[in-house]
Amino acid sequence: MTEAKAFLGSGPAPIEDYALIGDCITAALVSRGGSIDWLCWPRFDSPACFAALLGTPENGTWRIAPERDGATVRRRYRDGSVVLETVFTTPEGEVALIDFMPVGNHASSIIRLVEGRRGTVGMRMALALRFDFGAAVPWVTRLPDGSGFMAIAGPDMAVLRTPVHLVGEDFVSGAQFTVHEGQTVPFVLTNGASHLRPPKAIDARAALAETERYWMRWSRRGSYRGPYEAAVRRSLITLKALTYHPTGGIVAAPTTSLPEQIGGPRNWDYRFCWLRDATLTLLAFMHAGYFEEAQAWRDWLHRSVAGRPDQIQIMYGLGGERHLREWEADWLPGYHASRPVRIGNAAHAQLQLDVYGEVMDALHQARMGGLAAPPASWDLQRALLDHLEAIWQEPDEGIWETRGGRKPFTLSRVMAWVAFDRAIRSAEQYGLPAPLDAWRRLRRHMHETICREGFDEARGSFVQYFGGKELDASLLLIPLANFLDPNDRRVRGTVAAIERELLSDGFVLRYDTGRSRDGLPAGEGAFLACSFWLADNYALQGRRREAEALFERLLALRNDVGLLSEEYDPQLRCQVGNFPQAFSHVALIGTALSLNSGGPVVARAKG
């Protein structure tokens, strides 16, 4: 094995050891050890050129760190930004590795600056580019002007420019260099297309200054003030970094197939935009003063669902694409042997009735927030409701996108009720034309049916699906959606049942994967959004101390730069699932706003 390969290590870091950098087009994950192990170029949903996160360094990675092992590491985001600063301290001195992606450049780039802070430190760099999710080894040649290297494989190109002398060996570019106090050594990697000329060189220092100005301007627009300001601010910045700027769509996460259980098969591609996130994302942005982002997200939502009502999907691509074919990258061993590695998501073709409620609620919240609506918006909403009226009693795959067959999920019907409830409220408040008497009768019938068929008197709790006995943490949304009063005996009974049966070390499981037939082997972590929903329920029921205590425990799960994945494994005490997860950060913002304002914002804002 060459020294460069040995320097790259043998596998990915713990999920919580990664930090996010991005340019609102795509994003990369950087480990505490200075390794970029995940990057899809040129978009969030493009094939990865660094895929070591799901395999080994042979699948693509880029590391810069002191050549001697044993350096102490501390890191932070520069204030209000996703500019990452990792400081390595060695017996010889101290260096800072500054990683960022300039926003608004014609060609997406990663810039890495090595700054000498104290003494003299020997450094090493090793770069293994592997296009097409780690499968394609590129041909590497020197640029004509001698300023760096160009790597090409098929349609893909990446250009690395640096003043450091590079040596290529076994398709791994490596370098050893020394950094003195006050010295800065730049590395600039830029994406391009192989049929075009190499992208132009970038002034790394000027790009850093402009990138910091961009993020500081954005952060200062935020209006949230309160005891959890730092956590809310970081979560909002993360949501912005997960936004695909050209369309306003927000990816659920920038990764695919990070497992919900280490070594298990619950591995999904989250590099798409879910309708389910619509309402909470709108509220998070609007309550924090980011109406431009809220408007862009609402516009993406409206464009994506436009068309025949019976063709609405639960998720879409960044631009509203509908075909998200799922396949397996069988050459990747998966994160710590968690296979399969899935590309695309077959759940896009599922029937999930709750999305009608999320769409109608989001559009209602947008009206209440003063966001401009397209002229045909109400006509589209009415068409969606006409279709929903015909199908709301059909079994579906449910909010958790199970693959064990359709069932009459209780939460799906609650959200179908929400769809009509919000439409009625919009028509009443804004004088929109609607068959209000018929809608009100249907809303009342839906409510009675759900309370009769979805509630188990013997258990004193709502259940996962009509006629079943299992619990489901999504039932915590019942009072948040204003379906029932939070102090209704049925809501209190449901919360108590979830506390008894779905808590693991105080955090909430989605459901019992050992009892529920969801089409997959049992086992996963605690779902973080569900735990935030439990805190919201505590606050609604006047159990403020419990709400604050749970919220503080959830905040403590964030990594050292404030990021959360989808789930937390209470046994292994580590983050699991795709990372960072937009839904977790949206839920965090919602609970912080709730606790700061004296009651859950989600519930009060329903109109």
# chains A, B, ... in the order shown; residues from 1 in each chain; ligands from 1
$ select_by_dssp --residues "range 427-499 of chain A" --states "strand (DSSP E)" --output "number ranges by chain"
A: 455-456, 461-462
$ select_by_dssp --residues "range 273-370 of chain A" --states "alpha helix (DSSP H)" --output "short mmCIF file (atom, residue, chain, number, x, y, z; two decimals) with all heavy atoms, in the first residue's frame"
data_model
loop_
_atom_site.label_atom_id
_atom_site.label_comp_id
_atom_site.auth_asym_id
_atom_site.auth_seq_id
_atom_site.Cartn_x
_atom_site.Cartn_y
_atom_site.Cartn_z
N ALA A 278 -43.56 20.07 4.06
CA ALA A 278 -43.98 21.38 3.56
C ALA A 278 -44.44 22.33 4.65
O ALA A 278 -43.93 23.45 4.77
CB ALA A 278 -45.08 21.21 2.51
N THR A 279 -45.42 21.92 5.47
CA THR A 279 -45.98 22.84 6.45
C THR A 279 -44.95 23.27 7.48
O THR A 279 -44.78 24.46 7.76
CB THR A 279 -47.18 22.18 7.17
OG1 THR A 279 -48.18 21.88 6.21
CG2 THR A 279 -47.76 23.12 8.22
N LEU A 280 -44.26 22.30 8.07
CA LEU A 280 -43.31 22.63 9.12
C LEU A 280 -42.16 23.48 8.59
O LEU A 280 -41.66 24.36 9.29
CB LEU A 280 -42.76 21.35 9.76
CG LEU A 280 -43.78 20.52 10.55
CD1 LEU A 280 -43.14 19.24 11.05
CD2 LEU A 280 -44.33 21.31 11.72
N THR A 281 -41.74 23.24 7.35
CA THR A 281 -40.67 24.05 6.77
C THR A 281 -41.14 25.48 6.54
O THR A 281 -40.41 26.44 6.84
CB THR A 281 -40.19 23.42 5.45
OG1 THR A 281 -39.75 22.09 5.70
CG2 THR A 281 -39.05 24.23 4.85
N LEU A 282 -42.35 25.63 6.01
CA LEU A 282 -42.91 26.97 5.82
C LEU A 282 -42.98 27.72 7.14
O LEU A 282 -42.58 28.89 7.24
CB LEU A 282 -44.31 26.87 5.22
CG LEU A 282 -44.44 26.85 3.70
CD1 LEU A 282 -45.90 26.67 3.31
CD2 LEU A 282 -43.92 28.16 3.10
N LEU A 283 -43.51 27.06 8.17
CA LEU A 283 -43.64 27.72 9.46
C LEU A 283 -42.28 28.09 10.04
O LEU A 283 -42.11 29.17 10.62
CB LEU A 283 -44.41 26.82 10.43
CG LEU A 283 -45.91 26.66 10.14
CD1 LEU A 283 -46.50 25.59 11.04
CD2 LEU A 283 -46.63 27.99 10.36
N ALA A 284 -41.32 27.18 9.91
CA ALA A 284 -39.98 27.45 10.43
C ALA A 284 -39.39 28.70 9.78
O ALA A 284 -38.88 29.60 10.47
CB ALA A 284 -39.07 26.25 10.20
N PHE A 285 -39.46 28.79 8.46
CA PHE A 285 -38.92 29.95 7.77
C PHE A 285 -39.71 31.22 8.09
O PHE A 285 -39.13 32.27 8.38
CB PHE A 285 -38.89 29.71 6.26
CG PHE A 285 -37.70 28.96 5.77
CD1 PHE A 285 -37.83 27.96 4.81
CD2 PHE A 285 -36.42 29.24 6.25
CE1 PHE A 285 -36.72 27.27 4.34
CE2 PHE A 285 -35.31 28.55 5.79
CZ PHE A 285 -35.46 27.57 4.83
N MET A 286 -41.03 31.14 8.04
CA MET A 286 -41.84 32.35 8.25
C MET A 286 -41.70 32.89 9.67
O MET A 286 -41.58 34.09 9.88
CB MET A 286 -43.30 32.08 7.90
CG MET A 286 -43.55 31.91 6.41
SD MET A 286 -45.29 32.00 5.91
CE MET A 286 -45.99 30.61 6.80
N HIS A 287 -41.74 31.99 10.66
CA HIS A 287 -41.63 32.45 12.04
C HIS A 287 -40.24 33.00 12.35
O HIS A 287 -40.08 33.75 13.32
CB HIS A 287 -41.98 31.32 13.00
CG HIS A 287 -43.46 31.12 13.17
ND1 HIS A 287 -44.24 31.96 13.93
CD2 HIS A 287 -44.30 30.21 12.65
CE1 HIS A 287 -45.50 31.56 13.88
NE2 HIS A 287 -45.56 30.49 13.10
N PHE A 291 -39.07 35.02 4.74
CA PHE A 291 -40.23 34.90 3.85
C PHE A 291 -39.82 34.61 2.41
O PHE A 291 -40.57 33.99 1.67
CB PHE A 291 -41.09 36.16 3.94
CG PHE A 291 -41.85 36.25 5.22
CD1 PHE A 291 -41.31 36.87 6.33
CD2 PHE A 291 -43.12 35.69 5.34
CE1 PHE A 291 -42.01 36.94 7.53
CE2 PHE A 291 -43.83 35.75 6.53
CZ PHE A 291 -43.27 36.38 7.63
N GLU A 292 -38.64 35.05 2.01
CA GLU A 292 -38.18 34.77 0.64
C GLU A 292 -37.99 33.27 0.44
O GLU A 292 -38.40 32.70 -0.57
CB GLU A 292 -36.87 35.51 0.38
CG GLU A 292 -36.31 35.29 -1.02
CD GLU A 292 -35.02 36.05 -1.24
OE1 GLU A 292 -34.88 37.16 -0.67
OE2 GLU A 292 -34.15 35.54 -1.96
N GLU A 293 -37.38 32.60 1.43
CA GLU A 293 -37.19 31.15 1.35
C GLU A 293 -38.51 30.42 1.44
O GLU A 293 -38.73 29.40 0.75
CB GLU A 293 -36.25 30.69 2.47
CG GLU A 293 -34.79 31.00 2.22
CD GLU A 293 -34.46 32.49 2.32
OE1 GLU A 293 -35.23 33.23 2.96
OE2 GLU A 293 -33.44 32.90 1.76
N ALA A 294 -39.41 30.92 2.30
CA ALA A 294 -40.73 30.31 2.41
C ALA A 294 -41.48 30.41 1.09
O ALA A 294 -42.14 29.47 0.65
CB ALA A 294 -41.52 30.98 3.53
N GLN A 295 -41.39 31.59 0.43
CA GLN A 295 -42.06 31.77 -0.85
C GLN A 295 -41.48 30.83 -1.91
O GLN A 295 -42.23 30.21 -2.68
CB GLN A 295 -41.89 33.21 -1.33
CG GLN A 295 -42.55 33.53 -2.67
CD GLN A 295 -44.05 33.68 -2.56
OE1 GLN A 295 -44.54 34.50 -1.79
NE2 GLN A 295 -44.80 32.91 -3.32
N ALA A 296 -40.16 30.67 -1.92
CA ALA A 296 -39.53 29.80 -2.91
C ALA A 296 -39.94 28.34 -2.68
O ALA A 296 -40.21 27.60 -3.64
CB ALA A 296 -38.02 29.94 -2.84
N TRP A 297 -40.01 27.92 -1.43
CA TRP A 297 -40.44 26.56 -1.11
C TRP A 297 -41.90 26.35 -1.48
O TRP A 297 -42.27 25.33 -2.06
CB TRP A 297 -40.19 26.29 0.38
CG TRP A 297 -40.75 25.01 0.91
CD1 TRP A 297 -41.71 24.87 1.86
CD2 TRP A 297 -40.40 23.67 0.53
NE1 TRP A 297 -41.97 23.54 2.11
CE2 TRP A 297 -41.18 22.78 1.30
CE3 TRP A 297 -39.50 23.13 -0.39
CZ2 TRP A 297 -41.09 21.39 1.19
CZ3 TRP A 297 -39.42 21.75 -0.50
CH2 TRP A 297 -40.19 20.90 0.28
N ARG A 298 -42.76 27.33 -1.16
CA ARG A 298 -44.17 27.23 -1.53
C ARG A 298 -44.33 27.16 -3.05
O ARG A 298 -45.15 26.38 -3.57
CB ARG A 298 -44.94 28.42 -0.96
CG ARG A 298 -46.47 28.24 -0.79
CD ARG A 298 -47.27 28.05 -2.05
NE ARG A 298 -46.92 29.01 -3.09
CZ ARG A 298 -47.48 30.20 -3.21
NH1 ARG A 298 -48.42 30.58 -2.38
NH2 ARG A 298 -47.11 31.02 -4.19
N ASP A 299 -43.55 27.96 -3.77
CA ASP A 299 -43.64 27.94 -5.24
C ASP A 299 -43.18 26.58 -5.79
O ASP A 299 -43.79 26.05 -6.73
CB ASP A 299 -42.79 29.06 -5.84
CG ASP A 299 -43.40 30.44 -5.59
OD1 ASP A 299 -44.57 30.51 -5.18
OD2 ASP A 299 -42.68 31.44 -5.78
N TRP A 300 -42.10 26.02 -5.20
CA TRP A 300 -41.67 24.69 -5.62
C TRP A 300 -42.79 23.69 -5.38
O TRP A 300 -43.08 22.84 -6.24
CB TRP A 300 -40.43 24.26 -4.83
CG TRP A 300 -40.04 22.84 -5.14
CD1 TRP A 300 -39.19 22.41 -6.11
CD2 TRP A 300 -40.54 21.66 -4.49
NE1 TRP A 300 -39.12 21.04 -6.12
CE2 TRP A 300 -39.94 20.55 -5.13
CE3 TRP A 300 -41.42 21.43 -3.44
CZ2 TRP A 300 -40.21 19.23 -4.74
CZ3 TRP A 300 -41.69 20.12 -3.06
CH2 TRP A 300 -41.09 19.04 -3.70
N LEU A 301 -43.42 23.76 -4.23
CA LEU A 301 -44.50 22.86 -3.88
C LEU A 301 -45.65 22.96 -4.89
O LEU A 301 -46.14 21.95 -5.39
CB LEU A 301 -45.00 23.18 -2.47
CG LEU A 301 -46.20 22.41 -1.96
CD1 LEU A 301 -45.84 20.97 -1.69
CD2 LEU A 301 -46.74 23.07 -0.68
N HIS A 302 -46.04 24.16 -5.21
CA HIS A 302 -47.16 24.37 -6.12
C HIS A 302 -46.84 23.83 -7.51
O HIS A 302 -47.68 23.16 -8.14
CB HIS A 302 -47.50 25.86 -6.19
CG HIS A 302 -48.83 26.15 -6.81
ND1 HIS A 302 -49.01 26.24 -8.17
CD2 HIS A 302 -50.05 26.33 -6.26
CE1 HIS A 302 -50.28 26.49 -8.43
NE2 HIS A 302 -50.93 26.55 -7.29
N ARG A 303 -45.64 24.09 -8.00
CA ARG A 303 -45.27 23.59 -9.32
C ARG A 303 -45.21 22.07 -9.35
O ARG A 303 -45.62 21.43 -10.32
CB ARG A 303 -43.91 24.17 -9.75
CG ARG A 303 -43.89 25.65 -10.01
CD ARG A 303 -42.59 26.05 -10.71
NE ARG A 303 -41.41 25.64 -9.96
CZ ARG A 303 -40.81 26.38 -9.03
NH1 ARG A 303 -41.29 27.57 -8.74
NH2 ARG A 303 -39.73 25.93 -8.41
N SER A 304 -44.69 21.49 -8.28
CA SER A 304 -44.48 20.05 -8.27
C SER A 304 -45.78 19.27 -8.27
O SER A 304 -45.90 18.23 -8.92
CB SER A 304 -43.62 19.66 -7.05
OG SER A 304 -42.34 20.24 -7.15
N VAL A 305 -46.78 19.73 -7.51
CA VAL A 305 -48.03 18.99 -7.40
C VAL A 305 -49.00 19.32 -8.53
O VAL A 305 -50.06 18.69 -8.65
CB VAL A 305 -48.72 19.22 -6.04
CG1 VAL A 305 -47.79 18.82 -4.91
CG2 VAL A 305 -49.20 20.65 -5.89
N ASP A 354 -51.62 11.13 3.66
CA ASP A 354 -51.32 12.28 4.51
C ASP A 354 -50.78 13.46 3.72
O ASP A 354 -50.90 14.61 4.15
CB ASP A 354 -50.32 11.89 5.61
CG ASP A 354 -48.96 11.50 5.06
OD1 ASP A 354 -48.86 10.42 4.46
OD2 ASP A 354 -48.01 12.29 5.22
N VAL A 355 -50.19 13.22 2.53
CA VAL A 355 -49.58 14.33 1.80
C VAL A 355 -50.63 15.34 1.35
O VAL A 355 -50.33 16.53 1.21
CB VAL A 355 -48.76 13.85 0.59
CG1 VAL A 355 -47.63 12.95 1.04
CG2 VAL A 355 -49.60 13.18 -0.46
N TYR A 356 -51.88 14.91 1.14
CA TYR A 356 -52.93 15.87 0.78
C TYR A 356 -53.12 16.87 1.91
O TYR A 356 -53.29 18.08 1.68
CB TYR A 356 -54.23 15.14 0.48
CG TYR A 356 -54.20 14.33 -0.80
CD1 TYR A 356 -53.79 13.01 -0.80
CD2 TYR A 356 -54.57 14.91 -2.01
CE1 TYR A 356 -53.74 12.26 -1.97
CE2 TYR A 356 -54.53 14.18 -3.19
CZ TYR A 356 -54.11 12.85 -3.17
OH TYR A 356 -54.06 12.13 -4.34
N GLY A 357 -53.11 16.37 3.14
CA GLY A 357 -53.23 17.27 4.28
C GLY A 357 -52.05 18.21 4.39
O GLY A 357 -52.22 19.40 4.69
N GLU A 358 -50.84 17.69 4.16
CA GLU A 358 -49.67 18.54 4.26
C GLU A 358 -49.68 19.64 3.19
O GLU A 358 -49.33 20.79 3.46
CB GLU A 358 -48.40 17.70 4.14
CG GLU A 358 -47.95 17.09 5.46
CD GLU A 358 -48.15 15.58 5.54
OE1 GLU A 358 -48.14 14.95 4.47
OE2 GLU A 358 -48.30 15.06 6.65
N VAL A 359 -50.09 19.29 1.97
CA VAL A 359 -50.15 20.29 0.90
C VAL A 359 -51.19 21.35 1.22
O VAL A 359 -50.92 22.56 1.13
CB VAL A 359 -50.44 19.62 -0.45
CG1 VAL A 359 -50.77 20.67 -1.51
CG2 VAL A 359 -49.26 18.77 -0.90
N MET A 360 -52.38 20.94 1.60
CA MET A 360 -53.45 21.90 1.88
C MET A 360 -53.09 22.77 3.09
O MET A 360 -53.38 23.97 3.11
CB MET A 360 -54.76 21.16 2.13
CG MET A 360 -55.26 20.36 0.93
SD MET A 360 -55.55 21.36 -0.56
CE MET A 360 -56.97 22.30 -0.04
N ASP A 361 -52.49 22.17 4.10
CA ASP A 361 -52.09 22.94 5.27
C ASP A 361 -51.01 23.96 4.90
O ASP A 361 -51.06 25.12 5.32
CB ASP A 361 -51.58 21.99 6.35
CG ASP A 361 -51.47 22.66 7.71
OD1 ASP A 361 -52.00 23.78 7.87
OD2 ASP A 361 -50.86 22.07 8.61
N ALA A 362 -50.03 23.53 4.11
CA ALA A 362 -48.95 24.44 3.72
C ALA A 362 -49.49 25.62 2.93
O ALA A 362 -49.09 26.77 3.16
CB ALA A 362 -47.91 23.69 2.90
N LEU A 363 -50.41 25.37 2.00
CA LEU A 363 -50.95 26.46 1.20
C LEU A 363 -51.82 27.38 2.06
O LEU A 363 -51.87 28.60 1.83
CB LEU A 363 -51.74 25.89 0.03
CG LEU A 363 -50.89 25.09 -0.98
CD1 LEU A 363 -51.75 24.54 -2.10
CD2 LEU A 363 -49.75 25.93 -1.54
N HIS A 364 -52.50 26.81 3.06
CA HIS A 364 -53.26 27.65 3.99
C HIS A 364 -52.31 28.52 4.82
O HIS A 364 -52.55 29.72 4.99
CB HIS A 364 -54.10 26.76 4.91
CG HIS A 364 -54.87 27.52 5.95
ND1 HIS A 364 -55.82 28.45 5.63
CD2 HIS A 364 -54.80 27.47 7.32
CE1 HIS A 364 -56.34 28.96 6.75
NE2 HIS A 364 -55.73 28.38 7.78
N GLN A 365 -51.23 27.93 5.33
CA GLN A 365 -50.26 28.70 6.10
C GLN A 365 -49.63 29.79 5.23
O GLN A 365 -49.35 30.90 5.71
CB GLN A 365 -49.16 27.77 6.63
CG GLN A 365 -49.63 26.67 7.56
CD GLN A 365 -50.22 27.19 8.84
OE1 GLN A 365 -50.00 28.34 9.21
NE2 GLN A 365 -50.98 26.36 9.52
N ALA A 366 -49.39 29.49 3.95
CA ALA A 366 -48.80 30.49 3.06
C ALA A 366 -49.73 31.68 2.90
O ALA A 366 -49.28 32.84 2.91
CB ALA A 366 -48.51 29.85 1.70
N ARG A 367 -51.02 31.42 2.77
CA ARG A 367 -51.98 32.54 2.70
C ARG A 367 -51.96 33.35 3.98
O ARG A 367 -51.96 34.59 3.95
CB ARG A 367 -53.40 32.01 2.44
CG ARG A 367 -53.67 31.56 1.02
CD ARG A 367 -55.17 31.32 0.77
NE ARG A 367 -55.37 30.91 -0.61
CZ ARG A 367 -55.32 29.65 -1.02
NH1 ARG A 367 -55.08 28.68 -0.13
NH2 ARG A 367 -55.50 29.34 -2.28
N MET A 368 -51.98 32.66 5.10
CA MET A 368 -51.96 33.36 6.38
C MET A 368 -50.69 34.18 6.56
O MET A 368 -50.69 35.24 7.19
CB MET A 368 -52.10 32.36 7.53
CG MET A 368 -53.45 31.70 7.61
SD MET A 368 -53.51 30.56 9.00
CE MET A 368 -53.32 31.68 10.38
#
$ atom_distance --atom1 "CA of Arg342 in chain A" --atom2 "CA of Gly55 in chain A"
13.1 Å
$ residues_around --residues "Leu84 in chain A" --least-positions-apart "5" --cutoff "9 Å" --atoms "only C-alpha atoms" --output "list in words"
Ala19, Leu20, Ile21, Val30, Arg75, Arg76, Tyr77, Arg78, Leu97, Ile98, Asp99 and Phe100 of chain A
$ closest_atom_pairs --of "range 239-344 of chain A" --to "range 400-406 of chain A" --cutoff "12 Å" --atoms "only C-alpha atoms" --output "CSV"
residue,atom,partner,partner_atom,distance
A:Arg266,CA,A:Thr402,CA,10.7
A:Trp268,CA,A:Glu401,CA,10.9
A:Trp274,CA,A:Glu401,CA,11.6
A:Arg276,CA,A:Trp400,CA,10.5
A:Ile314,CA,A:Glu401,CA,9.5
A:Met315,CA,A:Glu401,CA,11.2
$ closest_residue --among "A:Ala28, A:Leu208, A:Ala51, A:Ala522" --to "Leu332 in chain A" --atoms "only C-alpha atoms"
A:Ala51
$ residues_around --residues "Ala587 in chain A" --least-positions-apart "3" --cutoff "10 Å" --atoms "only C-alpha atoms" --output "list of chain:residue names"
A:Ser235, A:Asp277, A:Leu280, A:Thr281, A:Ala284, A:Leu528, A:Ala529, A:Cys530, A:Ser531, A:Phe532, A:Trp533, A:Asp536, A:Ala582, A:Phe583, A:Ser584, A:Gly590, A:Thr591, A:Ala592, A:Leu593
$ residues_around --residues "Arg213 in chain A" --least-positions-apart "5" --cutoff "10 Å" --atoms "only C-alpha atoms" --output "MDAnalysis selection string"
chainID A and resid 80:81 207:208 218:219
$ write_last_selection --atoms "N, CA and C atoms" --output "mmCIF file, in the first residue's frame"
data_model
loop_
_atom_site.group_PDB
_atom_site.id
_atom_site.type_symbol
_atom_site.label_atom_id
_atom_site.label_comp_id
_atom_site.auth_asym_id
_atom_site.auth_seq_id
_atom_site.Cartn_x
_atom_site.Cartn_y
_atom_site.Cartn_z
ATOM 1 N N GLY A 80 -22.560 32.160 11.772
ATOM 2 C CA GLY A 80 -23.646 32.396 10.829
ATOM 3 C C GLY A 80 -23.458 31.772 9.471
ATOM 4 N N SER A 81 -22.551 30.804 9.335
ATOM 5 C CA SER A 81 -22.231 30.300 8.008
ATOM 6 C C SER A 81 -22.080 28.785 8.023
ATOM 7 N N ALA A 207 -12.792 34.405 -2.594
ATOM 8 C CA ALA A 207 -13.982 33.556 -2.497
ATOM 9 C C ALA A 207 -14.385 33.332 -1.042
ATOM 10 N N LEU A 208 -13.411 33.171 -0.159
ATOM 11 C CA LEU A 208 -13.715 33.008 1.264
ATOM 12 C C LEU A 208 -14.406 34.248 1.809
ATOM 13 N N TRP A 218 -27.245 36.577 5.134
ATOM 14 C CA TRP A 218 -28.430 35.726 5.253
ATOM 15 C C TRP A 218 -28.806 35.518 6.722
ATOM 16 N N SER A 219 -27.848 35.221 7.549
ATOM 17 C CA SER A 219 -28.126 34.954 8.966
ATOM 18 C C SER A 219 -28.718 36.162 9.668
#
$ closest_residue --among "A:Asp560, A:Glu397, A:Asp132, A:Glu67" --to "Gln350 in chain A" --atoms "only C-alpha atoms"
A:Glu397
$ atom_distance --atom1 "CA of Asp17 in chain A" --atom2 "CA of Arg32 in chain A"
5.7 Å
$ atom_distance --atom1 "CA of Gly222 in chain A" --atom2 "CA of Ala288 in chain A"
5.4 Å
$ closest_residue --among "A:Phe466, A:Thr256, A:Val167, A:Ser426" --to "Cys451 in chain A" --atoms "only C-alpha atoms"
A:Phe466
$ residues_around --residues "Ala496 in chain A" --least-positions-apart "4" --cutoff "12 Å" --atoms "only C-alpha atoms" --output "VMD selection string"
chain A and resid 459 to 462 471 473 475 to 476 487 489 to 492 500 to 503 534 537 to 538 541
